[in-house]
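Structure record follows, encoded as structure tokens.
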Amino acid sequence: MFTHLREDIAAVKQRDPACTGAVSALMHYPGLQALWMHRFDHWLWRHHLHFCARTLSQWARFFTGVEIHPGATIGHKAFIDHGMGVVIGETTIIGDNVTLYQGVTLGGTGKETGKRHPTLESGVVVGVGAAVLGDITIGQGAKVGGGAVVVKDVPPDATVVGVPGKIVRRGAHPRACMDLIDDARAREDLPDPTLDILTEMALRVTHLETRLATLQKEEHELKNL
């Protein structure tokens with residue numbers, strides 16, 4: 001238990017430069033507080049004290065703004081930054097060193113039974129306001145861009161952006177295992193597919209205008225013969 005506590009505090013200090021120390025992590029990070037409450041709720045859930053677990057999880061939601069179902073499984077060194085609006089469903093499985101930003105939803109897609117929430121493997125980063133829905137797997141070291149909606153499996157070390165989520169980069173992190181996520185690197189150079197499309201369209205328009213001007217010039221020359 002105390003090993004978990006030390007790991008969680010260390011994860012906050014390592015991934016958020018605003019954290020000034022262990023006391024700051026304890027007092028000022030609702031994501032950390034929600035995670036600790038969840039660990040106790042999850043123990044109750046595994047021991048079939050479901051009503052108590054659900055009741056305490058709702059209290060945790062009230063005080064922290066983070067809603068974690070007590071049935072969810074969360075690994076070591078998870079980090080929920082800011083935390084407000086984060087929702088984690090009952091059958092969600094979260095690996096080690098996973099980072100979730102505010103407004104993330106790890107939910108289902110309907111009234112399925114059994115495993116109906118996503119699995120996030122180790123080292124995954126999920127950006128602000130993203131939704132990962134259904135019984136899908138986000139591979140080790142993958143990144144989900146802010147505001148994305150992901151409903152299909154994502155391979156390891158890939159980057160997904162957009163609605164619906166599309167893979168725009170593969171192999172961003174070649175290491176097979178990430179012991180520590182550098183959040184600055186995780187956020188840098190995030191592709192923008194909308195900008196790419198607009199840039200391609202602008203180049204195409206320029207090409208067509210040049211071609212049209214050439215044809216008009218040739219037509220004018222033919223008329224003057």
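Following the order of the structure tokens, chains are lettered A, B, ..., residues in each are numbered from 1, and ligands are numbered from 1.
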Quiz item: So which residues touch Met84 (chain A) within 9 Å, counting only C-alpha atoms, skipping near sequence neighbours fewer than 3 positions away, as a PyMOL selection string?
Solution: chain A and resi 30-31+64-67+81+101-104
Export of prior selection with N, CA, C and O atoms as a PDB file, in the first residue's frame:
ATOM      1  N   PRO A  30      -6.352  16.830  -7.129  1.00  0.00           N
ATOM      2  CA  PRO A  30      -7.542  15.995  -6.952  1.00  0.00           C
ATOM      3  C   PRO A  30      -7.452  14.673  -7.703  1.00  0.00           C
ATOM      4  O   PRO A  30      -8.067  13.690  -7.298  1.00  0.00           O
ATOM      5  N   GLY A  31      -6.690  14.654  -8.806  1.00  0.00           N
ATOM      6  CA  GLY A  31      -6.516  13.387  -9.520  1.00  0.00           C
ATOM      7  C   GLY A  31      -5.829  12.355  -8.658  1.00  0.00           C
ATOM      8  O   GLY A  31      -6.196  11.162  -8.677  1.00  0.00           O
ATOM      9  N   THR A  64     -13.742  15.468  -5.741  1.00  0.00           N
ATOM     10  CA  THR A  64     -12.607  15.628  -6.652  1.00  0.00           C
ATOM     11  C   THR A  64     -12.995  15.964  -8.086  1.00  0.00           C
ATOM     12  O   THR A  64     -12.150  16.436  -8.848  1.00  0.00           O
ATOM     13  N   GLY A  65     -14.249  15.695  -8.471  1.00  0.00           N
ATOM     14  CA  GLY A  65     -14.644  15.903  -9.864  1.00  0.00           C
ATOM     15  C   GLY A  65     -14.216  14.781 -10.784  1.00  0.00           C
ATOM     16  O   GLY A  65     -14.401  14.861 -11.999  1.00  0.00           O
ATOM     17  N   VAL A  66     -13.658  13.717 -10.215  1.00  0.00           N
ATOM     18  CA  VAL A  66     -13.201  12.558 -10.990  1.00  0.00           C
ATOM     19  C   VAL A  66     -14.106  11.377 -10.661  1.00  0.00           C
ATOM     20  O   VAL A  66     -14.259  11.014  -9.483  1.00  0.00           O
ATOM     21  N   GLU A  67     -14.695  10.783 -11.688  1.00  0.00           N
ATOM     22  CA  GLU A  67     -15.592   9.644 -11.476  1.00  0.00           C
ATOM     23  C   GLU A  67     -14.925   8.359 -11.939  1.00  0.00           C
ATOM     24  O   GLU A  67     -14.728   8.152 -13.138  1.00  0.00           O
ATOM     25  N   ASP A  81      -4.095  14.333 -14.471  1.00  0.00           N
ATOM     26  CA  ASP A  81      -3.731  15.739 -14.324  1.00  0.00           C
ATOM     27  C   ASP A  81      -4.984  16.608 -14.268  1.00  0.00           C
ATOM     28  O   ASP A  81      -5.867  16.481 -15.117  1.00  0.00           O
ATOM     29  N   TYR A 101      -5.541  13.439 -18.979  1.00  0.00           N
ATOM     30  CA  TYR A 101      -5.763  14.855 -18.720  1.00  0.00           C
ATOM     31  C   TYR A 101      -7.249  15.109 -18.469  1.00  0.00           C
ATOM     32  O   TYR A 101      -8.090  14.203 -18.612  1.00  0.00           O
ATOM     33  N   GLN A 102      -7.583  16.345 -18.092  1.00  0.00           N
ATOM     34  CA  GLN A 102      -8.952  16.649 -17.680  1.00  0.00           C
ATOM     35  C   GLN A 102      -9.952  16.384 -18.799  1.00  0.00           C
ATOM     36  O   GLN A 102      -9.667  16.553 -19.974  1.00  0.00           O
ATOM     37  N   GLY A 103     -11.144  15.960 -18.385  1.00  0.00           N
ATOM     38  CA  GLY A 103     -12.230  15.753 -19.334  1.00  0.00           C
ATOM     39  C   GLY A 103     -12.167  14.457 -20.109  1.00  0.00           C
ATOM     40  O   GLY A 103     -12.987  14.235 -21.014  1.00  0.00           O
ATOM     41  N   VAL A 104     -11.251  13.566 -19.791  1.00  0.00           N
ATOM     42  CA  VAL A 104     -11.133  12.291 -20.509  1.00  0.00           C
ATOM     43  C   VAL A 104     -12.272  11.355 -20.110  1.00  0.00           C
ATOM     44  O   VAL A 104     -12.622  11.259 -18.932  1.00  0.00           O
TER      45      VAL A 104
END
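Counting only C-alpha atoms, region 32-45 of chain A has the following residues at most 6 Å away, ignoring those fewer than 4 positions along the same chain: Leu49, His50, Ala53, Pro70 and Gly71 of chain A.
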Self-check item: DSSP-assigned strand (DSSP E) among region 62-126 of chain A, expressed as a list in words
Solution: Glu67, Ile68, Thr73, Ile74, Phe79, Ile80, Val87, Ile88, Ile93, Ile94, Thr99, Leu100, Thr105, Leu106, Gly107, Thr119, Leu120, Val125 and Val126 of chain A
Quick one: residues within 8 Å of Lys143 (chain A), only C-alpha atoms counted, chain neighbours fewer than 5 positions away excluded, as an mmCIF file with N, CA and C atoms, in the first residue's frame?
data_model
loop_
_atom_site.group_PDB
_atom_site.id
_atom_site.type_symbol
_atom_site.label_atom_id
_atom_site.label_comp_id
_atom_site.auth_asym_id
_atom_site.auth_seq_id
_atom_site.Cartn_x
_atom_site.Cartn_y
_atom_site.Cartn_z
ATOM 1 N N VAL A 124 0.492 4.943 -22.052
ATOM 2 C CA VAL A 124 -0.473 5.665 -22.893
ATOM 3 C C VAL A 124 -0.705 7.070 -22.332
ATOM 4 N N VAL A 125 -0.857 8.034 -23.238
ATOM 5 C CA VAL A 125 -1.212 9.407 -22.862
ATOM 6 C C VAL A 125 -2.514 9.761 -23.566
ATOM 7 N N VAL A 126 -3.520 10.214 -22.809
ATOM 8 C CA VAL A 126 -4.811 10.597 -23.381
ATOM 9 C C VAL A 126 -5.022 12.088 -23.125
ATOM 10 N N GLY A 127 -5.176 12.857 -24.203
ATOM 11 C CA GLY A 127 -5.243 14.305 -24.117
ATOM 12 C C GLY A 127 -6.568 14.840 -23.616
ATOM 13 N N ASP A 157 2.619 2.689 -29.774
ATOM 14 C CA ASP A 157 3.454 3.803 -30.210
ATOM 15 C C ASP A 157 2.830 4.641 -31.318
ATOM 16 N N ALA A 158 1.517 4.566 -31.491
ATOM 17 C CA ALA A 158 0.836 5.354 -32.524
ATOM 18 C C ALA A 158 0.247 6.620 -31.906
ATOM 19 N N THR A 159 -0.065 7.589 -32.781
ATOM 20 C CA THR A 159 -0.738 8.817 -32.363
ATOM 21 C C THR A 159 -2.078 8.895 -33.080
ATOM 22 N N VAL A 160 -3.148 9.164 -32.331
ATOM 23 C CA VAL A 160 -4.504 9.220 -32.883
ATOM 24 C C VAL A 160 -5.096 10.588 -32.616
ATOM 25 N N ALA A 186 5.595 14.150 -25.002
ATOM 26 C CA ALA A 186 4.324 13.551 -25.409
ATOM 27 C C ALA A 186 3.429 14.558 -26.105
#
Leaving out Val144 (chain A) and any residue of its chain fewer than 3 positions from it, which residues lie within 12 Å of it when counting only C-alpha atoms, given as a tab-separated table (two decimals) with all heavy atoms, in the first residue's frame?
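Writing the result to part_35.tsv gives the following:
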chain	number	residue	atom	x	y	z
A	98	VAL	N	0.38	5.47	-17.10
A	98	VAL	CA	-0.62	6.08	-17.98
A	98	VAL	C	-0.94	7.49	-17.48
A	98	VAL	O	-1.04	7.73	-16.27
A	98	VAL	CB	-1.91	5.22	-18.03
A	98	VAL	CG1	-3.04	5.96	-18.72
A	98	VAL	CG2	-1.61	3.91	-18.74
A	99	THR	N	-1.10	8.42	-18.42
A	99	THR	CA	-1.43	9.80	-18.09
A	99	THR	C	-2.77	10.18	-18.71
A	99	THR	O	-2.96	9.99	-19.92
A	99	THR	CB	-0.34	10.77	-18.60
A	99	THR	OG1	0.91	10.42	-18.00
A	99	THR	CG2	-0.68	12.21	-18.24
A	100	LEU	N	-3.68	10.69	-17.89
A	100	LEU	CA	-4.98	11.16	-18.35
A	100	LEU	C	-5.10	12.64	-18.01
A	100	LEU	O	-4.83	13.03	-16.87
A	100	LEU	CB	-6.12	10.39	-17.69
A	100	LEU	CG	-6.10	8.86	-17.76
A	100	LEU	CD1	-7.28	8.29	-17.00
A	100	LEU	CD2	-6.13	8.39	-19.22
A	101	TYR	N	-5.54	13.44	-18.98
A	101	TYR	CA	-5.76	14.86	-18.72
A	101	TYR	C	-7.25	15.11	-18.47
A	101	TYR	O	-8.09	14.20	-18.61
A	101	TYR	CB	-5.23	15.69	-19.88
A	101	TYR	CG	-3.73	15.70	-19.93
A	101	TYR	CD1	-3.03	14.81	-20.73
A	101	TYR	CD2	-3.00	16.58	-19.14
A	101	TYR	CE1	-1.64	14.80	-20.76
A	101	TYR	CE2	-1.62	16.58	-19.16
A	101	TYR	CZ	-0.94	15.69	-19.97
A	101	TYR	OH	0.43	15.68	-19.99
A	104	VAL	N	-11.25	13.57	-19.79
A	104	VAL	CA	-11.13	12.29	-20.51
A	104	VAL	C	-12.27	11.35	-20.11
A	104	VAL	O	-12.62	11.26	-18.93
A	104	VAL	CB	-9.77	11.63	-20.22
A	104	VAL	CG1	-9.76	10.17	-20.68
A	104	VAL	CG2	-8.66	12.40	-20.91
A	105	THR	N	-12.82	10.66	-21.10
A	105	THR	CA	-13.84	9.65	-20.85
A	105	THR	C	-13.36	8.30	-21.34
A	105	THR	O	-13.02	8.15	-22.51
A	105	THR	CB	-15.16	10.00	-21.56
A	105	THR	OG1	-15.67	11.24	-21.07
A	105	THR	CG2	-16.22	8.91	-21.33
A	106	LEU	N	-13.32	7.34	-20.46
A	106	LEU	CA	-13.03	5.95	-20.82
A	106	LEU	C	-14.33	5.19	-20.58
A	106	LEU	O	-14.60	4.71	-19.49
A	106	LEU	CB	-11.89	5.39	-19.96
A	106	LEU	CG	-10.59	6.20	-19.97
A	106	LEU	CD1	-9.56	5.54	-19.05
A	106	LEU	CD2	-10.04	6.35	-21.37
A	120	LEU	N	-6.14	0.38	-21.61
A	120	LEU	CA	-5.02	1.25	-21.93
A	120	LEU	C	-3.75	0.58	-21.44
A	120	LEU	O	-3.57	0.37	-20.22
A	120	LEU	CB	-5.17	2.62	-21.25
A	120	LEU	CG	-6.05	3.67	-21.96
A	120	LEU	CD1	-7.46	3.18	-22.19
A	120	LEU	CD2	-6.05	4.96	-21.16
A	123	GLY	N	2.12	3.28	-20.51
A	123	GLY	CA	2.71	4.41	-21.20
A	123	GLY	C	1.78	5.21	-22.08
A	123	GLY	O	2.22	6.11	-22.79
A	124	VAL	N	0.49	4.94	-22.05
A	124	VAL	CA	-0.47	5.66	-22.89
A	124	VAL	C	-0.70	7.07	-22.33
A	124	VAL	O	-0.75	7.26	-21.11
A	124	VAL	CB	-1.80	4.89	-22.98
A	124	VAL	CG1	-2.90	5.73	-23.62
A	124	VAL	CG2	-1.61	3.60	-23.76
A	125	VAL	N	-0.86	8.03	-23.24
A	125	VAL	CA	-1.21	9.41	-22.86
A	125	VAL	C	-2.51	9.76	-23.57
A	125	VAL	O	-2.62	9.62	-24.79
A	125	VAL	CB	-0.12	10.41	-23.27
A	125	VAL	CG1	-0.54	11.84	-22.93
A	125	VAL	CG2	1.19	10.08	-22.58
A	126	VAL	N	-3.52	10.21	-22.81
A	126	VAL	CA	-4.81	10.60	-23.38
A	126	VAL	C	-5.02	12.09	-23.13
A	126	VAL	O	-5.05	12.53	-21.98
A	126	VAL	CB	-5.97	9.78	-22.78
A	126	VAL	CG1	-7.28	10.11	-23.50
A	126	VAL	CG2	-5.68	8.28	-22.89
A	127	GLY	N	-5.18	12.86	-24.20
A	127	GLY	CA	-5.24	14.31	-24.12
A	127	GLY	C	-6.57	14.84	-23.62
A	127	GLY	O	-7.55	14.11	-23.44
A	128	VAL	N	-6.60	16.15	-23.44
A	128	VAL	CA	-7.75	16.85	-22.86
A	128	VAL	C	-9.03	16.59	-23.65
A	128	VAL	O	-9.06	16.74	-24.88
A	128	VAL	CB	-7.48	18.37	-22.83
A	128	VAL	CG1	-8.70	19.13	-22.34
A	128	VAL	CG2	-6.27	18.67	-21.97
A	129	GLY	N	-10.08	16.19	-22.95
A	129	GLY	CA	-11.40	16.05	-23.56
A	129	GLY	C	-11.56	14.88	-24.50
A	129	GLY	O	-12.58	14.77	-25.19
A	130	ALA	N	-10.60	13.98	-24.56
A	130	ALA	CA	-10.70	12.83	-25.46
A	130	ALA	C	-11.66	11.78	-24.90
A	130	ALA	O	-11.84	11.68	-23.68
A	130	ALA	CB	-9.34	12.21	-25.70
A	131	ALA	N	-12.27	11.01	-25.81
A	131	ALA	CA	-13.16	9.92	-25.41
A	131	ALA	C	-12.66	8.63	-26.06
A	131	ALA	O	-12.49	8.57	-27.27
A	131	ALA	CB	-14.59	10.21	-25.84
A	132	VAL	N	-12.43	7.62	-25.23
A	132	VAL	CA	-12.04	6.30	-25.70
A	132	VAL	C	-13.17	5.36	-25.32
A	132	VAL	O	-13.43	5.15	-24.12
A	132	VAL	CB	-10.70	5.85	-25.08
A	132	VAL	CG1	-10.26	4.51	-25.64
A	132	VAL	CG2	-9.62	6.91	-25.31
A	138	ILE	N	-5.82	0.36	-26.45
A	138	ILE	CA	-4.88	1.40	-26.84
A	138	ILE	C	-3.50	0.88	-26.51
A	138	ILE	O	-3.16	0.67	-25.35
A	138	ILE	CB	-5.15	2.72	-26.10
A	138	ILE	CG1	-6.64	3.11	-26.21
A	138	ILE	CG2	-4.26	3.82	-26.66
A	138	ILE	CD1	-7.12	3.33	-27.63
A	139	GLY	N	-2.70	0.64	-27.54
A	139	GLY	CA	-1.43	-0.04	-27.38
A	139	GLY	C	-0.40	0.73	-26.58
A	139	GLY	O	-0.49	1.95	-26.39
A	140	GLN	N	0.59	0.01	-26.14
A	140	GLN	CA	1.64	0.56	-25.27
A	140	GLN	C	2.31	1.78	-25.91
A	140	GLN	O	2.72	1.76	-27.07
A	140	GLN	CB	2.67	-0.53	-25.02
A	140	GLN	CG	3.80	-0.13	-24.10
A	140	GLN	CD	4.65	-1.33	-23.74
A	140	GLN	OE1	4.27	-2.14	-22.90
A	140	GLN	NE2	5.80	-1.45	-24.37
A	141	GLY	N	2.41	2.85	-25.14
A	141	GLY	CA	3.10	4.04	-25.60
A	141	GLY	C	2.33	4.90	-26.58
A	141	GLY	O	2.86	5.88	-27.09
A	147	GLY	N	-9.50	15.98	-27.54
A	147	GLY	CA	-10.77	16.05	-28.25
A	147	GLY	C	-11.05	14.90	-29.18
A	147	GLY	O	-12.11	14.86	-29.82
A	148	ALA	N	-10.15	13.94	-29.29
A	148	ALA	CA	-10.36	12.80	-30.19
A	148	ALA	C	-11.44	11.87	-29.64
A	148	ALA	O	-11.67	11.81	-28.43
A	148	ALA	CB	-9.06	12.03	-30.38
A	149	VAL	N	-12.09	11.16	-30.55
A	149	VAL	CA	-13.05	10.12	-30.18
A	149	VAL	C	-12.57	8.82	-30.81
A	149	VAL	O	-12.58	8.66	-32.03
A	149	VAL	CB	-14.47	10.46	-30.66
A	149	VAL	CG1	-15.43	9.32	-30.29
A	149	VAL	CG2	-14.95	11.76	-30.05
A	150	VAL	N	-12.14	7.88	-29.97
A	150	VAL	CA	-11.52	6.65	-30.44
A	150	VAL	C	-12.46	5.48	-30.18
A	150	VAL	O	-12.86	5.26	-29.03
A	150	VAL	CB	-10.17	6.42	-29.75
A	150	VAL	CG1	-9.48	5.18	-30.32
A	150	VAL	CG2	-9.27	7.64	-29.90
A	151	VAL	N	-12.79	4.74	-31.23
A	151	VAL	CA	-13.70	3.60	-31.08
A	151	VAL	C	-13.11	2.32	-31.69
A	151	VAL	O	-13.78	1.30	-31.76
A	151	VAL	CB	-15.07	3.90	-31.75
A	151	VAL	CG1	-15.80	5.00	-31.01
A	151	VAL	CG2	-14.90	4.27	-33.21
A	152	LYS	N	-11.84	2.39	-32.12
A	152	LYS	CA	-11.16	1.22	-32.67
A	152	LYS	C	-9.81	1.05	-32.00
A	152	LYS	O	-9.24	2.00	-31.46
A	152	LYS	CB	-10.98	1.37	-34.19
A	152	LYS	CG	-12.28	1.40	-34.97
A	152	LYS	CD	-12.02	1.51	-36.46
A	152	LYS	CE	-13.32	1.54	-37.26
A	152	LYS	NZ	-13.07	1.65	-38.72
A	153	ASP	N	-9.28	-0.16	-32.06
A	153	ASP	CA	-7.98	-0.44	-31.46
A	153	ASP	C	-6.90	0.48	-32.04
A	153	ASP	O	-6.93	0.85	-33.22
A	153	ASP	CB	-7.58	-1.89	-31.72
A	153	ASP	CG	-8.43	-2.88	-30.94
A	153	ASP	OD1	-9.10	-2.47	-29.98
A	153	ASP	OD2	-8.42	-4.08	-31.30
A	154	VAL	N	-5.95	0.82	-31.21
A	154	VAL	CA	-4.81	1.65	-31.61
A	154	VAL	C	-3.54	0.84	-31.37
A	154	VAL	O	-3.34	0.34	-30.26
A	154	VAL	CB	-4.77	2.96	-30.81
A	154	VAL	CG1	-3.53	3.77	-31.18
A	154	VAL	CG2	-6.03	3.78	-31.05
A	155	PRO	N	-2.67	0.70	-32.37
A	155	PRO	CA	-1.45	-0.08	-32.18
A	155	PRO	C	-0.47	0.63	-31.26
A	155	PRO	O	-0.57	1.84	-31.03
A	155	PRO	CB	-0.89	-0.20	-33.60
A	155	PRO	CG	-1.46	0.96	-34.34
A	155	PRO	CD	-2.80	1.22	-33.75
A	156	PRO	N	0.51	-0.09	-30.74
A	156	PRO	CA	1.51	0.53	-29.87
A	156	PRO	C	2.26	1.67	-30.55
A	156	PRO	O	2.49	1.65	-31.77
A	156	PRO	CB	2.46	-0.63	-29.53
A	156	PRO	CG	1.62	-1.85	-29.71
A	156	PRO	CD	0.70	-1.55	-30.84
A	157	ASP	N	2.62	2.69	-29.77
A	157	ASP	CA	3.45	3.80	-30.21
A	157	ASP	C	2.83	4.64	-31.32
A	157	ASP	O	3.54	5.36	-32.03
A	157	ASP	CB	4.83	3.30	-30.67
A	157	ASP	CG	5.56	2.56	-29.58
A	157	ASP	OD1	5.48	3.00	-28.42
A	157	ASP	OD2	6.21	1.54	-29.87
A	158	ALA	N	1.52	4.57	-31.49
A	158	ALA	CA	0.84	5.35	-32.52
A	158	ALA	C	0.25	6.62	-31.91
A	158	ALA	O	0.07	6.72	-30.69
A	158	ALA	CB	-0.26	4.53	-33.19
A	159	THR	N	-0.07	7.59	-32.78
A	159	THR	CA	-0.74	8.82	-32.36
A	159	THR	C	-2.08	8.89	-33.08
A	159	THR	O	-2.14	8.73	-34.31
A	159	THR	CB	0.10	10.06	-32.71
A	159	THR	OG1	1.35	9.97	-32.02
A	159	THR	CG2	-0.61	11.33	-32.28
A	160	VAL	N	-3.15	9.16	-32.33
A	160	VAL	CA	-4.50	9.22	-32.88
A	160	VAL	C	-5.10	10.59	-32.62
A	160	VAL	O	-5.03	11.09	-31.49
A	160	VAL	CB	-5.40	8.13	-32.25
A	160	VAL	CG1	-6.81	8.20	-32.83
A	160	VAL	CG2	-4.82	6.76	-32.49
A	161	VAL	N	-5.68	11.19	-33.64
A	161	VAL	CA	-6.35	12.48	-33.47
A	161	VAL	C	-7.65	12.47	-34.26
A	161	VAL	O	-7.86	11.63	-35.14
A	161	VAL	CB	-5.47	13.66	-33.96
A	161	VAL	CG1	-4.17	13.74	-33.18
A	161	VAL	CG2	-5.18	13.54	-35.45
A	162	GLY	N	-8.55	13.42	-33.95
A	162	GLY	CA	-9.74	13.64	-34.76
A	162	GLY	C	-10.97	12.90	-34.28
A	162	GLY	O	-10.95	12.12	-33.34
A	163	VAL	N	-12.08	13.19	-34.98
A	163	VAL	CA	-13.39	12.57	-34.72
A	163	VAL	C	-13.94	12.06	-36.04
A	163	VAL	O	-14.27	12.85	-36.91
A	163	VAL	CB	-14.37	13.59	-34.10
A	163	VAL	CG1	-15.71	12.93	-33.79
A	163	VAL	CG2	-13.79	14.23	-32.85
A	164	PRO	N	-14.07	10.75	-36.22
A	164	PRO	CA	-13.55	9.70	-35.33
A	164	PRO	C	-12.03	9.65	-35.37
A	164	PRO	O	-11.42	10.17	-36.30
A	164	PRO	CB	-14.18	8.42	-35.90
A	164	PRO	CG	-14.33	8.72	-37.36
A	164	PRO	CD	-14.69	10.18	-37.44
A	165	GLY	N	-11.44	9.02	-34.38
A	165	GLY	CA	-9.99	9.01	-34.27
A	165	GLY	C	-9.32	8.31	-35.44
A	165	GLY	O	-9.76	7.24	-35.88
A	166	LYS	N	-8.29	8.94	-35.97
A	166	LYS	CA	-7.51	8.37	-37.06
A	166	LYS	C	-6.03	8.35	-36.67
A	166	LYS	O	-5.54	9.29	-36.05
A	166	LYS	CB	-7.69	9.18	-38.34
A	166	LYS	CG	-9.12	9.14	-38.89
A	166	LYS	CD	-9.22	9.93	-40.18
A	166	LYS	CE	-10.64	9.88	-40.73
A	166	LYS	NZ	-10.77	10.66	-41.99
A	167	ILE	N	-5.35	7.30	-37.08
A	167	ILE	CA	-3.93	7.18	-36.80
A	167	ILE	C	-3.16	8.09	-37.75
A	167	ILE	O	-3.27	7.97	-38.98
A	167	ILE	CB	-3.46	5.73	-36.95
A	167	ILE	CG1	-4.18	4.84	-35.93
A	167	ILE	CG2	-1.95	5.62	-36.78
A	167	ILE	CD1	-3.92	3.36	-36.11
A	168	VAL	N	-2.41	9.03	-37.20
A	168	VAL	CA	-1.65	9.97	-38.02
A	168	VAL	C	-0.15	9.77	-37.87
A	168	VAL	O	0.63	10.39	-38.59
A	168	VAL	CB	-2.02	11.42	-37.68
A	168	VAL	CG1	-3.46	11.71	-38.06
A	168	VAL	CG2	-1.79	11.71	-36.20
A	169	ARG	N	0.25	8.94	-36.94
A	169	ARG	CA	1.66	8.66	-36.78
A	169	ARG	C	1.83	7.31	-36.13
A	169	ARG	O	1.08	6.94	-35.23
A	169	ARG	CB	2.33	9.74	-35.91
A	169	ARG	CG	3.82	9.53	-35.70
A	169	ARG	CD	4.43	10.64	-34.86
A	169	ARG	NE	4.32	11.91	-35.57
A	169	ARG	CZ	4.57	13.08	-34.99
A	169	ARG	NH1	4.92	13.13	-33.72
A	169	ARG	NH2	4.46	14.20	-35.67
A	186	ALA	N	5.59	14.15	-25.00
A	186	ALA	CA	4.32	13.55	-25.41
A	186	ALA	C	3.43	14.56	-26.10
A	186	ALA	O	2.59	14.20	-26.92
A	186	ALA	CB	3.61	12.97	-24.19
A	187	ARG	N	3.57	15.85	-25.79
A	187	ARG	CA	2.69	16.86	-26.37
A	187	ARG	C	3.26	17.49	-27.63
A	187	ARG	O	2.52	18.11	-28.40
A	187	ARG	CB	2.43	17.96	-25.33
A	187	ARG	CG	1.60	17.53	-24.16
A	187	ARG	CD	1.16	18.74	-23.36
A	187	ARG	NE	2.28	19.42	-22.77
A	187	ARG	CZ	2.74	19.17	-21.56
A	187	ARG	NH1	2.18	18.25	-20.82
A	187	ARG	NH2	3.77	19.84	-21.06
A	190	LEU	N	2.34	17.36	-32.26
A	190	LEU	CA	1.12	16.60	-32.46
A	190	LEU	C	0.55	16.95	-33.83
A	190	LEU	O	0.30	18.12	-34.12
A	190	LEU	CB	0.09	16.93	-31.39
A	190	LEU	CG	-1.16	16.06	-31.37
A	190	LEU	CD1	-0.79	14.63	-31.05
A	190	LEU	CD2	-2.15	16.59	-30.36
A	191	PRO	N	0.38	15.99	-34.72
A	191	PRO	CA	-0.10	16.29	-36.08
A	191	PRO	C	-1.48	16.91	-36.07
A	191	PRO	O	-2.31	16.65	-35.20
A	191	PRO	CB	-0.12	14.90	-36.74
A	191	PRO	CG	0.79	14.05	-35.92
A	191	PRO	CD	0.67	14.56	-34.52
